[in-house]
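Pasted below: structure.cif, mmCIF, C-alpha atoms.
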```
data_input
loop_
_atom_site.group_PDB
_atom_site.id
_atom_site.type_symbol
_atom_site.label_atom_id
_atom_site.label_comp_id
_atom_site.auth_asym_id
_atom_site.auth_seq_id
_atom_site.Cartn_x
_atom_site.Cartn_y
_atom_site.Cartn_z
ATOM 1 C CA MET A 1 -3.122 -8.452 -21.675
ATOM 2 C CA ALA A 2 -5.353 -8.716 -18.599
ATOM 3 C CA GLU A 3 -7.482 -11.317 -20.327
ATOM 4 C CA ASP A 4 -4.610 -13.828 -19.942
ATOM 5 C CA ALA A 5 -5.532 -14.348 -16.290
ATOM 6 C CA GLY A 6 -9.260 -13.787 -16.579
ATOM 7 C CA ALA A 7 -12.238 -15.681 -17.882
ATOM 8 C CA ALA A 8 -12.664 -15.927 -21.628
ATOM 9 C CA ASP A 9 -16.451 -16.268 -21.211
ATOM 10 C CA GLY A 10 -16.780 -13.024 -19.241
ATOM 11 C CA ARG A 11 -17.563 -14.662 -15.914
ATOM 12 C CA GLU A 12 -15.539 -13.584 -12.911
ATOM 13 C CA ARG A 13 -13.000 -16.148 -11.717
ATOM 14 C CA PRO A 14 -10.433 -16.001 -8.928
ATOM 15 C CA ARG A 15 -7.178 -14.367 -10.002
ATOM 16 C CA VAL A 16 -4.314 -16.814 -10.409
ATOM 17 C CA ARG A 17 -1.819 -16.448 -7.562
ATOM 18 C CA VAL A 18 1.779 -16.462 -8.802
ATOM 19 C CA MET A 19 5.135 -16.428 -7.019
ATOM 20 C CA VAL A 20 8.335 -15.426 -8.838
ATOM 21 C CA VAL A 21 11.684 -16.923 -7.805
ATOM 22 C CA ASP A 22 14.768 -15.433 -9.503
ATOM 23 C CA ASP A 23 18.005 -14.117 -8.027
ATOM 24 C CA HIS A 24 18.360 -11.216 -10.504
ATOM 25 C CA PRO A 25 16.397 -8.274 -9.011
ATOM 26 C CA MET A 26 15.782 -6.446 -12.285
ATOM 27 C CA TRP A 27 14.609 -9.595 -14.059
ATOM 28 C CA ARG A 28 12.469 -10.622 -11.070
ATOM 29 C CA GLU A 29 10.819 -7.204 -10.916
ATOM 30 C CA ALA A 30 10.192 -7.152 -14.664
ATOM 31 C CA VAL A 31 8.560 -10.594 -14.596
ATOM 32 C CA ALA A 32 6.406 -9.636 -11.612
ATOM 33 C CA ARG A 33 5.375 -6.409 -13.347
ATOM 34 C CA ASP A 34 4.406 -8.216 -16.561
ATOM 35 C CA LEU A 35 2.327 -10.696 -14.575
ATOM 36 C CA THR A 36 0.573 -7.969 -12.602
ATOM 37 C CA GLU A 37 -0.210 -5.988 -15.752
ATOM 38 C CA ALA A 38 -1.654 -9.159 -17.311
ATOM 39 C CA GLY A 39 -4.062 -9.599 -14.410
ATOM 40 C CA TYR A 40 -2.233 -12.117 -12.230
ATOM 41 C CA ASP A 41 -1.976 -11.767 -8.477
ATOM 42 C CA VAL A 42 1.767 -11.785 -7.712
ATOM 43 C CA VAL A 43 1.738 -12.903 -4.078
ATOM 44 C CA ALA A 44 5.527 -13.061 -3.591
ATOM 45 C CA ALA A 45 8.850 -12.499 -5.354
ATOM 46 C CA THR A 46 12.131 -13.729 -3.934
ATOM 47 C CA GLY A 47 15.691 -14.474 -5.015
ATOM 48 C CA GLU A 48 16.515 -17.370 -2.676
ATOM 49 C CA GLY A 49 15.409 -20.979 -2.781
ATOM 50 C CA ARG A 50 14.970 -21.648 0.923
ATOM 51 C CA GLN A 51 13.034 -18.442 1.368
ATOM 52 C CA ALA A 52 10.851 -19.431 -1.578
ATOM 53 C CA LEU A 53 9.887 -22.679 0.139
ATOM 54 C CA ARG A 54 9.019 -20.871 3.374
ATOM 55 C CA VAL A 55 7.051 -18.149 1.632
ATOM 56 C CA ALA A 56 5.186 -20.577 -0.636
ATOM 57 C CA ALA A 57 3.947 -22.471 2.407
ATOM 58 C CA ALA A 58 2.457 -19.229 3.723
ATOM 59 C CA VAL A 59 1.016 -17.610 0.586
ATOM 60 C CA ARG A 60 0.113 -20.806 -1.328
ATOM 61 C CA PRO A 61 0.562 -19.709 -4.944
ATOM 62 C CA GLY A 62 -1.121 -21.606 -7.741
ATOM 63 C CA VAL A 63 1.880 -21.160 -10.038
ATOM 64 C CA VAL A 64 5.561 -20.622 -9.261
ATOM 65 C CA VAL A 65 7.799 -19.114 -11.951
ATOM 66 C CA LEU A 66 11.196 -20.543 -11.015
ATOM 67 C CA ASP A 67 14.757 -19.908 -12.155
ATOM 68 C CA LEU A 68 17.171 -22.841 -11.850
ATOM 69 C CA ARG A 69 20.233 -20.807 -10.819
ATOM 70 C CA LEU A 70 19.741 -19.640 -7.244
ATOM 71 C CA PRO A 71 22.495 -18.676 -4.785
ATOM 72 C CA ASP A 72 21.545 -20.915 -1.871
ATOM 73 C CA LEU A 73 19.647 -23.886 -3.266
ATOM 74 C CA PRO A 74 19.416 -25.373 -6.769
ATOM 75 C CA GLY A 75 16.144 -24.634 -8.518
ATOM 76 C CA VAL A 76 15.456 -28.344 -8.974
ATOM 77 C CA GLU A 77 15.563 -28.785 -5.195
ATOM 78 C CA VAL A 78 13.106 -25.932 -4.822
ATOM 79 C CA ALA A 79 10.804 -27.589 -7.381
ATOM 80 C CA ARG A 80 11.062 -30.873 -5.510
ATOM 81 C CA GLY A 81 10.307 -29.162 -2.199
ATOM 82 C CA LEU A 82 7.316 -27.332 -3.647
ATOM 83 C CA GLY A 83 5.963 -30.598 -5.025
ATOM 84 C CA ALA A 84 6.170 -32.201 -1.595
ATOM 85 C CA SER A 85 4.290 -29.370 0.143
ATOM 86 C CA ALA A 86 0.762 -29.611 1.527
ATOM 87 C CA ALA A 87 -0.614 -27.484 -1.330
ATOM 88 C CA PRO A 88 1.807 -28.083 -4.232
ATOM 89 C CA PRO A 89 1.737 -25.341 -6.879
ATOM 90 C CA ARG A 90 2.394 -25.861 -10.558
ATOM 91 C CA VAL A 91 5.990 -24.959 -11.366
ATOM 92 C CA LEU A 92 7.037 -23.227 -14.577
ATOM 93 C CA VAL A 93 10.813 -23.076 -14.917
ATOM 94 C CA LEU A 94 12.035 -19.879 -16.578
ATOM 95 C CA SER A 95 15.733 -20.362 -17.245
ATOM 96 C CA ALA A 96 18.536 -19.065 -19.453
ATOM 97 C CA SER A 97 19.608 -22.678 -20.032
ATOM 98 C CA ALA A 98 18.197 -24.946 -22.735
ATOM 99 C CA GLU A 99 20.648 -27.722 -21.908
ATOM 100 C CA GLU A 100 19.151 -31.217 -22.086
ATOM 101 C CA ALA A 101 20.379 -32.153 -18.607
ATOM 102 C CA ASP A 102 18.784 -29.066 -17.018
ATOM 103 C CA VAL A 103 15.447 -29.619 -18.747
ATOM 104 C CA LEU A 104 15.187 -33.290 -17.807
ATOM 105 C CA GLU A 105 16.355 -32.689 -14.254
ATOM 106 C CA ALA A 106 13.722 -29.979 -13.774
ATOM 107 C CA VAL A 107 10.922 -32.147 -15.139
ATOM 108 C CA LYS A 108 11.952 -35.112 -13.018
ATOM 109 C CA ALA A 109 11.903 -32.787 -9.986
ATOM 110 C CA GLY A 110 8.252 -31.998 -10.693
ATOM 111 C CA ALA A 111 8.261 -28.936 -12.947
ATOM 112 C CA SER A 112 5.121 -28.667 -15.075
ATOM 113 C CA GLY A 113 6.901 -26.802 -17.841
ATOM 114 C CA TYR A 114 10.150 -25.238 -18.997
ATOM 115 C CA LEU A 115 10.579 -21.946 -20.837
ATOM 116 C CA VAL A 116 13.851 -20.307 -21.835
ATOM 117 C CA LYS A 117 14.365 -16.630 -21.011
ATOM 118 C CA SER A 118 14.685 -15.725 -24.675
ATOM 119 C CA ALA A 119 10.912 -16.215 -24.970
ATOM 120 C CA SER A 120 8.837 -13.132 -25.748
ATOM 121 C CA ARG A 121 6.564 -11.484 -23.188
ATOM 122 C CA GLU A 122 3.539 -12.914 -24.997
ATOM 123 C CA GLU A 123 5.011 -16.420 -25.003
ATOM 124 C CA PHE A 124 5.791 -16.129 -21.309
ATOM 125 C CA LEU A 125 2.306 -14.933 -20.329
ATOM 126 C CA ASP A 126 0.737 -17.654 -22.466
ATOM 127 C CA ALA A 127 2.956 -20.234 -20.747
ATOM 128 C CA VAL A 128 1.854 -19.024 -17.303
ATOM 129 C CA ARG A 129 -1.800 -19.178 -18.340
ATOM 130 C CA ARG A 130 -1.444 -22.683 -19.727
ATOM 131 C CA THR A 131 0.518 -23.823 -16.684
ATOM 132 C CA ALA A 132 -2.249 -22.536 -14.424
ATOM 133 C CA GLU A 133 -4.753 -24.499 -16.520
ATOM 134 C CA GLY A 134 -2.729 -27.680 -16.082
ATOM 135 C CA ASP A 135 -0.917 -27.874 -19.415
ATOM 136 C CA ALA A 136 2.659 -29.102 -19.654
ATOM 137 C CA VAL A 137 4.343 -26.147 -21.383
ATOM 138 C CA PHE A 138 7.758 -26.245 -23.032
ATOM 139 C CA THR A 139 9.837 -24.011 -25.246
ATOM 140 C CA PRO A 140 9.491 -25.373 -28.812
ATOM 141 C CA GLY A 141 11.791 -28.338 -29.246
ATOM 142 C CA LEU A 142 12.013 -29.206 -25.566
ATOM 143 C CA ALA A 143 8.722 -31.125 -25.422
ATOM 144 C CA GLY A 144 10.122 -33.664 -27.874
ATOM 145 C CA LEU A 145 13.229 -33.980 -25.733
ATOM 146 C CA VAL A 146 11.204 -34.790 -22.629
ATOM 147 C CA LEU A 147 8.923 -37.240 -24.428
ATOM 148 C CA GLY A 148 11.942 -38.898 -26.009
ATOM 149 C CA GLU A 149 13.553 -39.421 -22.623
ATOM 150 C CA TYR A 150 10.380 -40.866 -21.144
ATOM 151 C CA ARG A 151 10.024 -43.210 -24.102
ATOM 152 C CA ARG A 152 13.604 -44.380 -23.570
ATOM 153 C CA LEU A 153 12.904 -45.049 -19.901
ATOM 154 C CA ALA A 154 9.643 -46.785 -20.714
ATOM 155 C CA HIS A 155 11.393 -49.247 -23.039
ATOM 156 C CA ARG A 156 14.062 -50.361 -20.603
ATOM 157 C CA PRO A 157 14.177 -54.176 -20.105
ATOM 158 C CA SER A 158 12.833 -53.761 -16.576
ATOM 159 C CA GLY A 159 9.829 -51.817 -17.863
ATOM 160 C CA PRO A 160 6.251 -53.041 -17.872
ATOM 161 C CA GLY A 161 5.195 -55.970 -20.014
ATOM 162 C CA PRO A 162 2.657 -55.802 -22.838
ATOM 163 C CA ASP A 163 -0.237 -56.359 -20.441
ATOM 164 C CA ALA A 164 0.750 -53.504 -18.156
ATOM 165 C CA ALA A 165 -1.926 -51.225 -19.611
ATOM 166 C CA GLN A 166 -4.452 -53.409 -17.831
ATOM 167 C CA ASP A 167 -2.827 -52.896 -14.433
ATOM 168 C CA GLY A 168 -3.880 -50.294 -11.887
ATOM 169 C CA PRO A 169 -7.080 -48.219 -11.679
ATOM 170 C CA ARG A 170 -9.547 -48.599 -14.515
ATOM 171 C CA LEU A 171 -10.069 -45.537 -16.689
ATOM 172 C CA THR A 172 -13.178 -44.897 -18.769
ATOM 173 C CA ASP A 173 -12.892 -44.999 -22.558
ATOM 174 C CA ARG A 174 -13.163 -41.203 -22.665
ATOM 175 C CA GLU A 175 -10.481 -40.749 -19.975
ATOM 176 C CA THR A 176 -8.170 -43.067 -21.909
ATOM 177 C CA GLU A 177 -8.835 -41.144 -25.127
ATOM 178 C CA VAL A 178 -8.041 -37.837 -23.433
ATOM 179 C CA LEU A 179 -4.950 -39.366 -21.817
ATOM 180 C CA ARG A 180 -3.597 -40.450 -25.217
ATOM 181 C CA MET A 181 -3.977 -36.909 -26.514
ATOM 182 C CA VAL A 182 -2.355 -35.398 -23.425
ATOM 183 C CA ALA A 183 0.608 -37.726 -23.930
ATOM 184 C CA LYS A 184 0.976 -36.492 -27.506
ATOM 185 C CA GLY A 185 1.366 -32.925 -26.255
ATOM 186 C CA LEU A 186 -2.042 -31.537 -27.196
ATOM 187 C CA THR A 187 -3.392 -28.657 -25.104
ATOM 188 C CA TYR A 188 -6.774 -28.812 -23.402
ATOM 189 C CA ARG A 189 -8.233 -26.530 -26.076
ATOM 190 C CA GLN A 190 -6.898 -28.715 -28.885
ATOM 191 C CA ILE A 191 -8.309 -31.818 -27.215
ATOM 192 C CA ALA A 192 -11.663 -30.099 -26.717
ATOM 193 C CA GLU A 193 -11.811 -29.169 -30.401
ATOM 194 C CA ARG A 194 -10.935 -32.687 -31.564
ATOM 195 C CA LEU A 195 -13.453 -34.390 -29.272
ATOM 196 C CA VAL A 196 -16.111 -31.669 -29.569
ATOM 197 C CA LEU A 197 -16.119 -31.122 -25.812
ATOM 198 C CA SER A 198 -15.901 -28.033 -23.654
ATOM 199 C CA HIS A 199 -12.530 -26.931 -22.270
ATOM 200 C CA ARG A 200 -13.894 -27.505 -18.736
ATOM 201 C CA THR A 201 -15.010 -31.064 -19.564
ATOM 202 C CA VAL A 202 -11.512 -31.927 -20.794
ATOM 203 C CA GLN A 203 -10.017 -30.428 -17.604
ATOM 204 C CA ASN A 204 -12.405 -32.533 -15.524
ATOM 205 C CA HIS A 205 -11.409 -35.708 -17.364
ATOM 206 C CA VAL A 206 -7.724 -34.956 -16.752
ATOM 207 C CA GLN A 207 -8.298 -34.154 -13.078
ATOM 208 C CA ASN A 208 -10.308 -37.361 -12.605
ATOM 209 C CA THR A 209 -7.526 -39.350 -14.275
ATOM 210 C CA LEU A 210 -4.862 -37.729 -12.092
ATOM 211 C CA SER A 211 -6.922 -38.562 -9.003
ATOM 212 C CA LYS A 212 -7.481 -42.187 -10.039
ATOM 213 C CA LEU A 213 -3.802 -42.718 -10.814
ATOM 214 C CA GLN A 214 -2.609 -40.719 -7.775
ATOM 215 C CA LEU A 215 -0.466 -38.471 -9.966
ATOM 216 C CA HIS A 216 0.238 -34.772 -9.479
ATOM 217 C CA ASN A 217 0.551 -33.129 -12.908
ATOM 218 C CA ARG A 218 0.451 -33.585 -16.655
ATOM 219 C CA VAL A 219 4.138 -34.432 -16.855
ATOM 220 C CA GLU A 220 3.608 -37.460 -14.609
ATOM 221 C CA LEU A 221 0.513 -38.292 -16.654
ATOM 222 C CA VAL A 222 2.566 -38.338 -19.858
ATOM 223 C CA ARG A 223 5.086 -40.690 -18.317
ATOM 224 C CA TYR A 224 2.292 -42.990 -17.120
ATOM 225 C CA ALA A 225 0.814 -43.082 -20.638
ATOM 226 C CA ILE A 226 4.187 -43.931 -22.146
ATOM 227 C CA ASP A 227 4.870 -46.586 -19.516
ATOM 228 C CA LYS A 228 1.529 -48.203 -20.341
ATOM 229 C CA GLY A 229 1.997 -48.005 -24.106
ATOM 230 C CA LEU A 230 -0.793 -45.451 -24.565
ATOM 231 C CA ALA A 231 1.281 -42.716 -26.176
ATOM 232 C CA GLU A 232 2.220 -44.160 -29.530
ATOM 233 C CA LEU A 233 2.303 -41.461 -32.209
ATOM 234 C CA ASP A 234 -0.124 -41.646 -35.144
#
```
Taking this structure as input, can you express it in the form of structure tokens?
Amino acid sequence: MAEDAGAADGRERPRVRVMVVDDHPMWREAVARDLTEAGYDVVAATGEGRQALRVAAAVRPGVVVLDLRLPDLPGVEVARGLGASAAPPRVLVLSASAEEADVLEAVKAGASGYLVKSASREEFLDAVRRTAEGDAVFTPGLAGLVLGEYRRLAHRPSGPGPDAAQDGPRLTDRETEVLRMVAKGLTYRQIAERLVLSHRTVQNHVQNTLSKLQLHNRVELVRYAIDKGLAELD
């Protein structure tokens, strides 16, 4: 499974730095072990929220695997604190709960994805890989829930008018095309295949769009697309 964290083209790339935050020692150790065996660099593992924020500031992980139920601080507060840090990591929530309120609260706090603990080892490692690459990863069924909530918010009476898509920074035609596909839940690889582009080119388009719009992750990008009417389904 080491190829999950490595380069598919054979070239050496920096190992993804991951921190695990879960208050159950056996579960935490098992997750850390699976990540290490798959080629990830587990830089920290802790069971407390406040400690996680302190440690993350020191070790600067690229991805944080975060449980929502922590003894000292709710996981959503940890996600919010991580997002406000100088070097915000991508946060993948790994929780026993699939409750709608928990999912939406985590996403609104800045989580890049949400996976339930009933997922298989392969599904988990794939979710970590995709999170590190910038994908918004959700347990099947939860992505629709999140998109549905954002659509509801986008169509509130106080929402943007029909000309709102013209407001703000100007995106290129290609950036807008990629943004539409991101908002529909396609992965970078799927977008690359549809547009006959390299995976890296798609990543660059997304990163440029995030920078132009001053957004932090794909979840925020999806909400922007919905707000601007760019995410209508085919």
With the PyMOL selection byres ((chain A and resi 128) around 10) as the selection, what would be picked from this file? Answer as a ChimeraX atom specification, please.
/A:4-5,16,18,35,40,63-65,90-92,113,115,122-127,129-135,137
Could you jot down the CA of Arg170 in chain A to CA of Leu213 in chain A separation for me, Å, one decimal place?
9.0 Å
Spell out the residues picked by the PyMOL selection byres ((chain A and resi 204) around 12) here, as a VMD selection string.
chain A and resid 133 to 134 174 to 175 178 to 179 188 192 197 to 203 205 to 211
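Against this structure, the PyMOL selection byres ((chain A and resi 24) around 10) ends up with A:Val21, A:Asp22, A:Asp23, A:Pro25, A:Met26, A:Trp27, A:Arg28, A:Glu29, A:Thr46, A:Gly47, A:Asp67, A:Arg69, A:Leu70.
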Between CA of Gly110 in chain A and CA of Pro140 in chain A lies a distance of 19.3 Å
For a quick check of understanding, using only C-alpha atoms, which of A:Gly185, A:Gly39, A:Gly62, A:Gly83 has the smallest distance to Ala136 in chain A?
A:Gly185
Can you work out the spacing between CA of Glu193 in chain A and CA of Arg218 in chain A in Å, to one decimal?
18.9 Å
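Proximity ranking of A:Ala183, A:Val76, A:Val59, A:Ser97 relative to Lys228 in chain A places A:Ala183 first, based on all atoms listed in the file.
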Test item: axis-aligned box, all listed atoms of range 207-221 of chain A, 6 Å on each side, centre and edges in Å rounded to one decimal, as AutoDock Vina command-line options:
```
--center_x -3.1 --center_y -37.9 --center_z -12.3 --size_x 26.4 --size_y 21.6 --size_z 21.1
```
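Using all atoms listed in the file for every distance, the candidate list A:Leu53, A:Leu221, A:Met19, A:Leu186 yields A:Met19 as the residue closest to Asp41 in chain A.
Counting all atoms listed in the file and comparing A:Thr36, A:Tyr114, A:Arg15, A:Glu100, the residue that lies closest to Leu66 in chain A is A:Tyr114.
Using only C-alpha atoms, the smallest distance between any of A:Thr187, A:Pro88, A:Ala96, A:Ala32 and Asn217 in chain A comes from A:Pro88.
Distance cut-off 9 Å, centre (18.6, -21.2, -2.7), atoms counted all atoms listed in the file; the residues meeting this are Asp23, Gly47, Glu48, Gly49, Arg50, Gln51, Ala52, Arg69, Leu70, Pro71, Asp72, Leu73, Pro74, Gly75, Glu77 and Val78 of chain A.
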